[in-house]
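Asks: protein12.cif is reproduced in full below (mmCIF, C-alpha atoms).
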```cif
data_upload
loop_
_atom_site.label_atom_id
_atom_site.label_comp_id
_atom_site.auth_asym_id
_atom_site.auth_seq_id
_atom_site.Cartn_x
_atom_site.Cartn_y
_atom_site.Cartn_z
CA MET X 194 125.86 64.85 72.70
CA THR X 195 126.24 61.18 71.81
CA ALA X 196 129.18 61.99 69.52
CA LEU X 197 130.73 64.11 72.29
CA PHE X 198 130.44 61.15 74.65
CA TYR X 199 132.14 58.73 72.28
CA ILE X 200 134.98 61.13 71.39
CA ALA X 201 135.66 61.84 75.09
CA ALA X 202 135.53 58.10 75.81
CA VAL X 203 138.14 57.41 73.13
CA VAL X 204 140.36 60.20 74.52
CA ALA X 205 139.97 58.78 78.04
CA VAL X 206 140.92 55.25 76.97
CA LEU X 207 143.89 56.44 74.88
CA SER X 208 145.30 58.71 77.60
CA THR X 209 144.81 56.05 80.28
CA LEU X 210 146.68 53.54 78.12
CA MET X 211 149.50 56.09 77.84
CA VAL X 212 149.56 56.46 81.65
CA VAL X 213 150.15 52.75 82.03
CA THR X 214 152.68 52.38 79.20
CA ARG X 215 154.91 55.47 79.57
CA ARG X 216 158.23 54.68 81.20
CA HIS X 217 158.80 58.28 82.25
CA LEU X 218 157.01 59.18 85.50
CA VAL X 219 156.28 62.81 84.59
CA HIS X 220 154.88 61.77 81.18
CA ALA X 221 152.59 59.25 82.87
CA LEU X 222 151.28 61.90 85.29
CA LEU X 223 150.78 64.32 82.39
CA TYR X 224 148.60 61.76 80.60
CA LEU X 225 146.74 61.03 83.85
CA VAL X 226 145.62 64.69 83.97
CA ILE X 227 144.23 64.34 80.43
CA SER X 228 142.49 61.11 81.36
CA LEU X 229 140.77 62.88 84.26
CA PHE X 230 139.76 65.80 81.99
CA ALA X 231 138.29 63.33 79.48
CA VAL X 232 136.28 61.61 82.22
CA ALA X 233 135.06 65.07 83.29
CA VAL X 234 133.74 65.63 79.74
CA VAL X 235 132.05 62.21 79.91
CA PHE X 236 130.36 63.29 83.16
CA TYR X 237 129.19 66.47 81.44
CA THR X 238 127.66 64.53 78.55
CA LEU X 239 125.96 62.19 81.04
CA GLY X 240 124.12 65.19 82.54
CA ALA X 241 126.20 65.59 85.72
CA PRO X 242 127.84 69.05 85.41
CA PHE X 243 128.50 69.41 89.17
CA VAL X 244 130.53 66.22 89.30
CA ALA X 245 132.33 67.19 86.08
CA ALA X 246 133.47 70.43 87.74
CA LEU X 247 134.54 68.54 90.88
CA GLU X 248 136.48 66.04 88.79
CA VAL X 249 138.54 68.90 87.35
CA ILE X 250 138.92 70.78 90.64
CA VAL X 251 139.63 67.92 93.03
CA TYR X 252 141.10 65.14 90.88
CA ALA X 253 142.97 67.10 88.20
CA GLY X 254 143.68 69.99 90.57
CA ALA X 255 144.24 68.86 94.14
CA ILE X 256 145.18 65.20 93.77
CA MET X 257 147.51 65.75 90.82
CA MET X 258 149.10 68.59 92.81
CA LEU X 259 149.78 66.04 95.57
CA PHE X 260 151.49 63.78 93.03
CA LEU X 261 153.52 66.74 91.78
CA PHE X 262 154.62 67.64 95.32
CA ALA X 263 155.59 64.03 95.95
CA VAL X 264 157.70 63.97 92.78
CA MET X 265 159.38 67.19 93.86
CA LEU X 266 159.96 66.01 97.44
CA LEU X 267 161.31 62.65 96.32
CA ASN X 268 163.95 64.38 94.17
CA LEU X 269 163.82 61.73 91.46
CA GLN X 270 166.56 63.18 89.27
CA ALA X 271 168.77 60.17 89.96
CA ASP X 272 166.11 57.72 88.74
CA SER X 273 164.75 59.64 85.79
CA PRO X 274 165.53 63.14 84.56
CA LEU X 275 162.63 65.47 85.27
CA ARG X 276 163.27 67.60 82.19
CA VAL X 277 160.43 66.88 79.76
CA PRO X 278 161.57 67.07 76.11
CA ARG X 279 159.63 69.26 73.71
CA SER X 280 158.36 66.26 71.71
CA ALA X 281 156.64 64.81 74.80
CA TRP X 282 154.03 67.58 74.63
CA ILE X 283 152.68 66.64 71.17
CA GLY X 284 150.51 63.71 72.26
CA PRO X 285 148.93 65.42 75.29
CA ALA X 286 148.43 68.63 73.30
CA ILE X 287 146.44 66.82 70.59
CA LEU X 288 144.25 65.01 73.13
CA VAL X 289 143.61 68.22 75.09
CA ALA X 290 142.77 70.10 71.88
CA VAL X 291 140.10 67.47 71.12
CA LEU X 292 138.65 67.92 74.61
CA LEU X 293 138.73 71.71 74.30
CA ALA X 294 136.84 71.57 70.99
CA GLU X 295 134.28 69.31 72.63
CA MET X 296 133.85 71.65 75.61
CA ILE X 297 133.42 74.70 73.34
CA TYR X 298 130.86 72.83 71.24
CA GLY X 299 129.00 71.56 74.32
CA LEU X 300 128.91 74.98 76.01
CA THR X 301 127.90 77.06 72.97
CA MET X 302 125.37 74.72 71.33
CA GLU X 303 122.10 73.82 72.99
CA THR X 304 122.70 70.17 73.73
CA GLN X 305 120.60 67.58 75.50
CA PRO X 306 122.30 65.31 78.05
CA LEU X 307 122.26 61.60 77.29
CA ALA X 308 120.02 60.75 80.23
CA GLY X 309 117.31 63.16 79.06
CA ALA X 310 117.41 65.50 82.07
CA GLU X 311 120.54 66.64 83.83
CA VAL X 312 120.85 66.27 87.61
CA GLY X 313 122.10 69.66 88.72
CA PRO X 314 124.07 70.81 91.77
CA GLN X 315 120.92 71.63 93.73
CA ALA X 316 119.57 68.08 93.57
CA VAL X 317 122.98 66.68 94.53
CA SER X 318 123.31 69.09 97.48
CA GLU X 319 119.84 68.26 98.75
CA ALA X 320 120.67 64.54 98.66
CA LEU X 321 124.10 65.18 100.23
CA TYR X 322 122.77 67.14 103.22
CA GLY X 323 119.54 65.17 103.51
CA PRO X 324 119.75 61.38 103.63
CA TYR X 325 123.54 61.26 103.19
CA VAL X 326 124.55 63.75 105.91
CA LEU X 327 126.09 60.98 108.04
CA GLY X 328 128.27 60.02 105.09
CA VAL X 329 129.47 63.62 104.81
CA GLU X 330 130.48 63.58 108.48
CA LEU X 331 132.27 60.26 108.03
CA ALA X 332 134.09 61.61 104.96
CA SER X 333 135.28 64.59 107.00
CA MET X 334 136.57 62.24 109.72
CA LEU X 335 138.33 60.14 107.06
CA LEU X 336 140.03 63.21 105.58
CA LEU X 337 141.14 64.42 109.02
CA ALA X 338 142.55 60.97 109.83
CA ALA X 339 144.36 60.90 106.48
CA LEU X 340 145.79 64.37 107.13
CA ILE X 341 147.17 63.41 110.53
CA GLY X 342 148.31 60.00 109.29
CA ALA X 343 150.16 61.45 106.32
CA ARG X 344 151.81 64.06 108.56
CA HIS X 345 152.93 61.34 110.94
CA VAL X 346 154.17 58.88 108.32
CA ALA X 347 156.10 61.45 106.27
CA ARG X 348 157.90 63.09 109.20
CA THR X 349 161.62 63.68 108.71
CA SER X 350 164.27 61.67 110.54
CA ASP X 351 165.27 64.72 112.64
CA GLU X 352 161.74 65.04 113.94
CA GLU X 353 161.67 61.32 114.56
CA GLU X 354 164.84 61.49 116.65
CA ALA X 355 163.46 64.45 118.60
CA THR X 356 160.24 62.56 119.28
CA ALA X 357 162.13 59.42 120.27
CA SER X 358 164.44 61.27 122.69
CA MET X 359 161.47 63.08 124.19
CA GLU X 360 159.68 59.77 124.69
CA ARG X 361 162.83 58.26 126.18
CA SER X 362 163.25 61.08 128.71
CA ARG X 363 159.56 60.91 129.56
CA ALA X 364 159.77 57.14 130.01
CA ALA X 365 162.89 57.52 132.18
CA ALA X 366 161.16 60.15 134.34
CA GLY X 367 158.12 57.93 134.69
CA LYS X 368 160.08 54.75 135.31
CA ARG X 369 162.21 55.95 138.25
CA PRO X 370 159.67 55.30 141.03
CA ALA X 371 158.52 52.16 139.25
CA ALA X 372 162.11 50.90 139.08
CA GLY X 373 162.47 51.51 142.83
CA THR X 374 159.47 49.42 143.72
CA GLN X 375 160.58 46.78 141.26
CA SER X 376 164.04 46.43 142.88
CA SER X 377 162.52 46.28 146.37
CA ALA X 378 160.10 43.64 145.14
CA GLN X 379 162.99 41.72 143.65
CA GLY X 380 165.00 42.13 146.83
CA PRO X 381 163.44 39.34 148.95
CA ALA X 382 163.36 37.00 145.96
CA ALA X 383 167.07 37.55 145.38
CA GLU X 384 167.78 37.00 149.08
CA GLU X 385 165.81 33.76 149.03
CA ALA X 386 167.76 32.63 145.98
CA ASP X 387 171.00 33.42 147.81
CA ALA X 388 169.84 31.50 150.85
CA MET A 240 119.32 55.37 72.02
CA ALA A 241 119.99 57.08 75.33
CA ALA A 242 119.98 53.80 77.24
CA VAL A 243 122.50 52.34 74.79
CA SER A 244 124.89 55.22 75.46
CA LEU A 245 124.53 54.76 79.21
CA ASP A 246 125.37 51.09 78.83
CA HIS A 247 128.39 52.24 76.89
CA ALA A 248 129.34 54.51 79.81
CA LEU A 249 129.48 51.39 81.99
CA VAL A 250 131.59 49.68 79.32
CA LEU A 251 133.94 52.69 79.37
CA ALA A 252 134.18 52.43 83.16
CA ALA A 253 135.02 48.73 82.83
CA ILE A 254 137.72 49.44 80.22
CA LEU A 255 139.31 52.17 82.36
CA PHE A 256 139.21 49.90 85.41
CA ALA A 257 140.85 47.08 83.47
CA ILE A 258 143.62 49.36 82.17
CA GLY A 259 144.26 50.65 85.69
CA PHE A 260 144.33 47.10 87.05
CA ALA A 261 146.74 45.94 84.34
CA GLY A 262 149.02 48.88 85.16
CA LEU A 263 148.78 48.08 88.87
CA LEU A 264 149.95 44.52 88.20
CA THR A 265 152.72 45.34 85.74
CA ARG A 266 154.28 48.65 86.79
CA ARG A 267 156.94 48.60 89.50
CA ASN A 268 157.22 52.32 90.31
CA LEU A 269 155.34 53.13 93.52
CA ILE A 270 154.08 56.52 92.25
CA VAL A 271 152.71 54.96 89.05
CA VAL A 272 151.06 52.22 91.11
CA LEU A 273 149.27 54.93 93.12
CA ALA A 274 148.23 56.63 89.85
CA CYS A 275 146.79 53.30 88.64
CA ILE A 276 144.77 53.01 91.86
CA GLU A 277 143.47 56.53 91.13
CA ILE A 278 142.43 55.41 87.64
CA MET A 279 140.56 52.43 89.08
CA LEU A 280 138.77 54.56 91.70
CA ASN A 281 137.88 57.07 89.01
CA ALA A 282 136.42 54.29 86.85
CA ALA A 283 134.33 53.10 89.80
CA GLY A 284 133.08 56.66 90.27
CA LEU A 285 132.22 56.84 86.56
CA ALA A 286 130.11 53.70 86.96
CA PHE A 287 128.28 55.34 89.90
CA VAL A 288 127.59 58.54 87.95
CA ALA A 289 126.46 56.62 84.85
CA ALA A 290 124.06 54.54 86.94
CA GLY A 291 122.75 57.67 88.67
CA ALA A 292 122.22 59.38 85.32
CA ARG A 293 120.39 56.32 83.97
CA TRP A 294 117.60 56.76 86.54
CA GLY A 295 117.90 60.54 86.85
CA GLN A 296 118.77 60.33 90.57
CA ALA A 297 121.36 62.37 92.49
CA ASP A 298 122.53 59.35 94.53
CA GLY A 299 125.13 58.33 91.95
CA GLN A 300 126.78 61.75 92.12
CA VAL A 301 126.69 61.67 95.94
CA MET A 302 128.48 58.32 95.90
CA PHE A 303 131.04 59.79 93.50
CA LEU A 304 131.73 62.55 96.03
CA PHE A 305 132.44 59.91 98.67
CA VAL A 306 134.73 58.05 96.26
CA LEU A 307 136.48 61.38 95.63
CA ALA A 308 137.04 62.01 99.35
CA MET A 309 138.33 58.46 99.80
CA ALA A 310 140.69 58.81 96.82
CA ALA A 311 142.08 62.05 98.24
CA ALA A 312 142.69 60.41 101.65
CA GLU A 313 144.22 57.33 100.04
CA VAL A 314 146.62 59.25 97.83
CA ALA A 315 147.73 61.49 100.73
CA VAL A 316 148.67 58.51 102.89
CA GLY A 317 150.08 56.61 99.91
CA LEU A 318 152.41 59.42 98.88
CA ALA A 319 153.52 59.86 102.51
CA ILE A 320 154.40 56.16 102.52
CA ALA A 321 156.23 56.66 99.20
CA ILE A 322 158.36 59.43 100.73
CA ARG A 323 159.09 57.23 103.75
CA PHE A 324 159.87 54.24 101.52
CA ARG A 325 162.29 56.34 99.49
CA GLN A 326 164.06 57.44 102.69
CA SER A 327 164.49 53.95 104.10
CA VAL A 328 164.90 51.70 101.03
CA LYS A 329 166.53 54.34 98.77
CA SER A 330 164.40 53.38 95.76
CA LEU A 331 160.81 53.51 94.53
CA ASP A 332 160.69 49.96 93.16
CA ILE A 333 157.94 48.04 94.97
CA ASP A 334 159.85 44.81 94.41
CA ASP A 335 162.40 46.14 96.90
CA ALA A 336 159.66 46.16 99.54
CA ASP A 337 159.71 42.41 100.10
CA ARG A 338 160.63 42.66 103.77
CA MET A 339 158.47 43.90 106.60
CA ARG A 340 161.45 45.72 108.18
CA GLY A 341 163.00 48.04 105.61
#
```
Since I need it in another form, could you write the structure as structure tokens?
Replies:
Amino acid sequence: MTALFYIAAVVAVLSTLMVVTRRHLVHALLYLVISLFAVAVVFYTLGAPFVAALEVIVYAGAIMMLFLFAVMLLNLQADSPLRVPRSAWIGPAILVAVLLAEMIYGLTMETQPLAGAEVGPQAVSEALYGPYVLGVELASMLLLAALIGARHVARTSDEEEATASMERSRAAAGKRPAAGTQSSAQGPAAEEADA
Amino acid sequence: MAAVSLDHALVLAAILFAIGFAGLLTRRNLIVVLACIEIMLNAAGLAFVAAGARWGQADGQVMFLFVLAMAAAEVAVGLAIAIRFRQSVKSLDIDDADRMRG
């Protein structure tokens, strides 16, 4: 298990370096996925299989999917061509093959986690819904706020115009009586100024 | 031997954090900057999990779950801002964002 840890650590450092150094955006994101997979293997060797699975599902799955959608929505073809050449797959393929060999070895052989005993999903869940239940609620509020905030920030200009015109008409409807009182209040002052 | 490896897990977290930070400071593409922030958050989560594994407690993994939720929220809002930035400034270069009114 110690060797597995060091190999995965080397893969993580190499792929993260590639994320930072690649000029091409899609290449960088490709290497970021491998970096996250490598960190998942590190979690597995540390005796945290639940978090290793979540790293793959949430980070490499959901969050990278968000990046992918952003790249598609931004339509970056003008900045950098999105077509990935065949040769760009060699580096990621080698790194992923190393990780795959590690996972097969770790799953088939009886291996001992580095910490001695692994902390399984049950222990994590008991801690999560015991002393940390308030944190879970706060995390759900944070995610809801992020959902609404992202929806609001990324609205299209058509929607923005529709919202603005709706607000304008609402403000005009609300202002009419207020404007009347304002002009009557200004009336005596204007008369005094004339006098 | 086991404790040495767990120290090395913290060293790995520090290396990943430093790489992410270097990328954050040097890269100009907004999407890559967000990816570098993800790397740094992931390294922080790795430090939590390594520390939790060192004492055989579940707390480190619980903290990683919170880091995960925060990273998901951060990247959702960040990419929404990227889409907005692209619409108004017509580029993704963060050096073009030197004015408060785009």
Asks: Select from chain A every residue with an atom at most 8 Å from any atom of chain X, then for each give the shortest pair of atoms and their distance in Å to one decimal, using all atoms listed in the file, rows by chain and rising number, as CSV.
Replies:
```
residue,atom,partner,partner_atom,distance
A:Ala241,CA,X:Leu307,CA,5.4
A:Ala242,CA,X:Ala308,CA,7.6
A:Ser244,CA,X:Thr195,CA,7.1
A:Leu245,CA,X:Leu307,CA,7.5
A:Leu251,CA,X:Ala202,CA,6.7
A:Ile254,CA,X:Val206,CA,7.4
A:Leu255,CA,X:Val206,CA,6.4
A:Ile258,CA,X:Leu210,CA,6.6
A:Gly259,CA,X:Val213,CA,7.2
A:Ala261,CA,X:Val213,CA,8.0
A:Gly262,CA,X:Val213,CA,5.1
A:Arg266,CA,X:Val213,CA,7.5
A:Ile270,CA,X:Phe260,CA,7.7
A:Val271,CA,X:Leu218,CA,7.0
A:Ala274,CA,X:Leu225,CA,7.6
A:Cys275,CA,X:Val213,CA,7.4
A:Ile278,CA,X:Thr209,CA,7.8
A:Leu285,CA,X:Phe236,CA,7.5
A:Val288,CA,X:Phe236,CA,7.3
A:Ala289,CA,X:Leu239,CA,6.8
A:Ala292,CA,X:Ala308,CA,5.7
A:Arg293,CA,X:Ala308,CA,5.8
A:Trp294,CA,X:Ala308,CA,7.8
A:Gly295,CA,X:Val312,CA,6.5
A:Gln296,CA,X:Val312,CA,7.0
A:Ala297,CA,X:Val317,CA,5.0
A:Asp298,CA,X:Ala320,CA,6.9
A:Gln300,CA,X:Val244,CA,6.5
A:Val301,CA,X:Leu321,CA,6.1
A:Phe303,CA,X:Val244,CA,7.7
A:Leu304,CA,X:Val244,CA,7.8
A:Phe305,CA,X:Ala332,CA,6.7
A:Leu307,CA,X:Tyr252,CA,7.6
A:Ala308,CA,X:Ala332,CA,6.4
A:Met309,CA,X:Ala332,CA,7.4
A:Ala311,CA,X:Ile256,CA,6.3
A:Ala312,CA,X:Ala339,CA,5.1
A:Glu313,CA,X:Ala339,CA,7.4
A:Val314,CA,X:Ile256,CA,7.3
A:Ala315,CA,X:Ala343,CA,6.1
A:Val316,CA,X:Ala343,CA,4.8
A:Leu318,CA,X:Ala263,CA,6.3
A:Ala319,CA,X:Ala347,CA,4.8
A:Ile320,CA,X:Val346,CA,6.4
A:Ile322,CA,X:Leu267,CA,6.2
A:Arg323,CA,X:Ala347,CA,5.8
A:Arg325,CA,X:Leu267,CA,7.1
```
Asks: What separation in Å, quoted to one decimal, exists between atom CA of X:Phe230 and atom CA of X:Glu330?
Replies: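 Interatomic distance here is 28.2 Å.
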Asks: Go through A:Gly284, A:Gly299, A:Gly317, A:Gly291 and flag the residue nearest A:Val272, using all atoms listed in the file for the distances.
Replies: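 Looking at the shortest contact to A:Val272, the residue is A:Gly317.
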Asks: Could you state which residues are captured by the PyMOL selection byres ((chain X and resi 286-301) around 7) in this file, as a list in words?
Replies: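 This file, filtered by the PyMOL selection byres ((chain X and resi 286-301) around 7), leaves Leu197, Ala201, Val204, Ile227, Ala231, Trp282, Ile283, Gly284, Pro285, Met302, Glu303 and Thr304 of chain X.
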Asks: Could you list, as a list in words, every residue within 6 Å of A:Ala286, counting all atoms listed in the file and ignoring same-chain residues fewer than 3 positions away?
Replies: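 Here the qualifying residues turn out to be Leu249, Ala252, Ala283 and Ala289 of chain A.
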Asks: Listed atoms of stretch 308-316 of chain A, axis-aligned box, 3 Å per side: centre and edge lengths to one decimal in Å, as AutoDock Vina command-line options?
Replies:
```
--center_x 142.9 --center_y 59.7 --center_z 99.9 --size_x 17.6 --size_y 10.7 --size_z 12.1
```
Asks: In Å, rounded to a single decimal, give me how far atom CA of A:Ala257 is from atom CA of A:Ala282.
Replies: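 Computed distance, atom CA of A:Ala282 to atom CA of A:Ala257, equals 9.1 Å.
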Asks: Could you jot down the atom CA of X:Ala281 to atom CA of A:Arg267 separation for me, Å, one decimal place?
Replies: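 That distance, rounded to one decimal, is 21.9 Å.
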